[in-house]
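Structure, as structure tokens:
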Amino acid sequence: MQTLKKRADFLRAAKGVRRVEGAVTLETCKTPDGAAPGGAPRVGFTASRKIGNAVARNRAKRRLRAAASQLLPLLGRGGHDYVLVARASTGTRAFDALLADVTAALKAAHRQLDRMAGEAI
RNA sequence: UCAGAUGGCCGGGUGACCGCGGGCAGCAAUGUUCGAGGAAAGUCCGGGCUCCACGGAAAUACGGUGCCGGUUAACGGCCGGCGGGGGCGACCCCAGGGAAAGCGCCACAGAAAUGACACCGCCUAAGACCCUAAAGGUCCGGCAAGGUUGAAAUGGUGCGGUAAGAGCGCACCGCGUCUUUGGCAACAAAGGCGGCACGGCAAGCCCCACCGGGAGCAAGACCAAAUAGGGACGGCAGGUUGCGUUUUCCGCGUAGCCGUCCGGGUCGGUCGCGUGAGGUGUGUGGCGACACAUAUCCCAGAGGAAUGGUCAUCACCGCGCAAGCGGUACAGAACCCGGCUUACAGGCCAUCUGACACU
């Protein structure tokens, strides 16, 4: 799975669809043409200083990465960028609950994307 | 046993499955091995390394350091001493050069704050006057003991002395100064001399001694799409046109397009990047910091940034009769090293001090 590395990719995702669910915030948008050969979903992780010190931020990103590696191959849509933003409770929430949060956020974001696509047509 | 002082150490362990980053082997699949800290933190000092600047050296300015000796690559670190202060003690604390080079400041209170001073007080001996004596009073005066203020008041205590007092005299203590002795030194001790002359602040300026060129791995080096502009060479087109040569003619110069190369350096990539003032053990020297010798080990190197998820079991702590449940600090390397400072659940070890008890 390809990870996002450019600041511009994160900014583009932040302007797209945003869902807050439990201990995570999900931001997503379409991958720009040509950026991801093969059409696999791309993913990025963010933890701001509001989360805590460096140890807390690292831990939050690791748990999000673990969750994404389980869920995105099943639920992710090709040709989309996903950004998982850590929240204050990301480091301490039970992992089952964290998985449920990410799943719910993905499904809700997909519904919103479909609705926007329908309006566009 | 209790209370305390100092120095040091640990910072959850083991196993299973699915994953992550680097090295090595391999065409690959894959295999194998290594993978955060005592502070990785704050970025406060000192160095290595890199680039820039610069005749050498010194001075001025600015900044830093500040008892003495040692240690170190170096330091504002560390070690050992000295001085001052605190504690019954083990031990702890100190921004600890110079105030007779100079300037400045010393609020409030107080009589007086440095050219020290006289508010309340103390005295009436000598001299003059009143009172014809005595006693007393007035003047001229003397004094700074006692009181009051303050962070600080021109040595302190005692005895003598005096009208009252005063280093006025003496003893001891303090201070200053000289000499001797001990010590590498800071300094200490002893003796002589001086009747006291010399208030505090240098963390206000300043003086003295010593140290310091600047910027930092986003340093710096290399490879190199694109693009702007430049250069060289070749080809095509052209003597029609524009511009310059004051005007006309002639002539000359210049302006176009394409390709290759040079140069340039952006996105990106590679290096810098971990064998080092390295760790560990042993020995020797030293009170110690540390040094030397020797053996042995290779121990993170990412670049949106690697350690996560699930489970079992053990250890410790809390709650609970129990089954069990919950918790396990502070905190994440980013060029490297030596320090300092700050944070830290819980636990361990060694040495020493005081008190009590027992032998």
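Numbering starts fresh at 1 for the residues of each chain in the structure tokens, the chains themselves are lettered A, B, ... in the order given, and ligands are numbered from 1 as they appear.
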**Request:** For chain A, list the residues within 8 Å of chain B, counting only C-alpha atoms (C1' of nucleotides), and write the list as a ChimeraX atom specification.
**Result:** /A:4-6,44-45,54-55,58,62-63,66,95
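With only C-alpha atoms (C1' of nucleotides) taken into account, the protein and nucleic acid residues at most 9 Å from A:Gly22 (excluding it and anything under 4 positions from it in its own chain) are Arg87, Ser89, Thr90, Ala97, Leu98, Ala100, Asp101, Val102 and Ala105 of chain A.
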Write the selection just made, keeping C-alpha atoms, as a compact mmCIF listing (two decimals), in the first residue's frame?
```
# COMPACT_ATOMS: atom_id res chain seq x y z
CA ARG A 87 -7.45 12.53 17.94
CA SER A 89 -8.18 9.37 22.46
CA THR A 90 -6.47 7.49 19.60
CA ALA A 97 -13.29 0.10 19.09
CA LEU A 98 -10.66 1.83 16.97
CA ALA A 100 -15.02 0.00 14.42
CA ASP A 101 -14.40 3.77 14.27
CA VAL A 102 -12.34 3.51 11.11
CA ALA A 105 -15.86 6.51 9.02
```
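Considering only C-alpha atoms, the residue among A:Ala8, A:Ala88, A:Leu75, A:Thr31 positioned nearest to A:Ala109 is A:Leu75.
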**Prompt:** Using only C-alpha atoms (C1' of nucleotides), which residues sit within 8 Å of stretch 252-264 of chain B once same-chain residues fewer than 5 positions away are excluded, as a list in words?
**Reply:** G231, A232, G235 and C236 of chain B
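Taking atom C1' of B:G167 and atom C1' of B:C196 as endpoints, the distance between them is 8.1 Å.
Atom pair atom C1' of B:C91 / atom C1' of B:A5 has a distance of 5.9 Å (rounded to one decimal).
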**Request:** Determine which residues of stretch 45-88 of chain A receive a DSSP assignment of strand (DSSP E), computed from the backbone, and state them as a PyMOL selection string.
**Result:** chain A and resi 45-46+80-86
**Item:** Within 7 Å of A:Cys29 using only C-alpha atoms (C1' of nucleotides), minus same-chain residues under 4 positions, as a PyMOL selection string
**Value:** chain A and resi 13+16-17+80-82
Selection from above, N, CA and C atoms, as a PDB file, in the first residue's frame, can you write it?
```
ATOM      1  N   ALA A  13      -6.466  16.300   0.472  1.00  0.00           N
ATOM      2  CA  ALA A  13      -7.401  15.438   1.184  1.00  0.00           C
ATOM      3  C   ALA A  13      -8.207  16.227   2.210  1.00  0.00           C
ATOM      4  N   GLY A  16     -11.279  17.637   0.879  1.00  0.00           N
ATOM      5  CA  GLY A  16     -12.286  16.697   0.407  1.00  0.00           C
ATOM      6  C   GLY A  16     -13.291  16.366   1.498  1.00  0.00           C
ATOM      7  N   VAL A  17     -13.752  15.121   1.478  1.00  0.00           N
ATOM      8  CA  VAL A  17     -14.788  14.697   2.422  1.00  0.00           C
ATOM      9  C   VAL A  17     -14.153  14.405   3.764  1.00  0.00           C
ATOM     10  N   HIS A  80      -8.485   6.466  -4.677  1.00  0.00           N
ATOM     11  CA  HIS A  80      -8.782   7.454  -3.646  1.00  0.00           C
ATOM     12  C   HIS A  80      -7.610   7.590  -2.695  1.00  0.00           C
ATOM     13  N   ASP A  81      -7.465   8.806  -2.157  1.00  0.00           N
ATOM     14  CA  ASP A  81      -6.489   9.056  -1.082  1.00  0.00           C
ATOM     15  C   ASP A  81      -7.235   9.117   0.224  1.00  0.00           C
ATOM     16  N   TYR A  82      -6.696   8.456   1.254  1.00  0.00           N
ATOM     17  CA  TYR A  82      -7.290   8.517   2.585  1.00  0.00           C
ATOM     18  C   TYR A  82      -6.261   9.094   3.536  1.00  0.00           C
TER      19      TYR A  82
END
```
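Among the candidate residues A:Met116, A:Val85, A:Ala94, A:Ala56, the one lying nearest to A:Val20 is A:Val85, with distances computed using only C-alpha atoms.
If you measure from each of B:A90, B:C18, B:C223, B:A164 to B:C352 using only C-alpha atoms (C1' of nucleotides), the closest one turns out to be B:A90.
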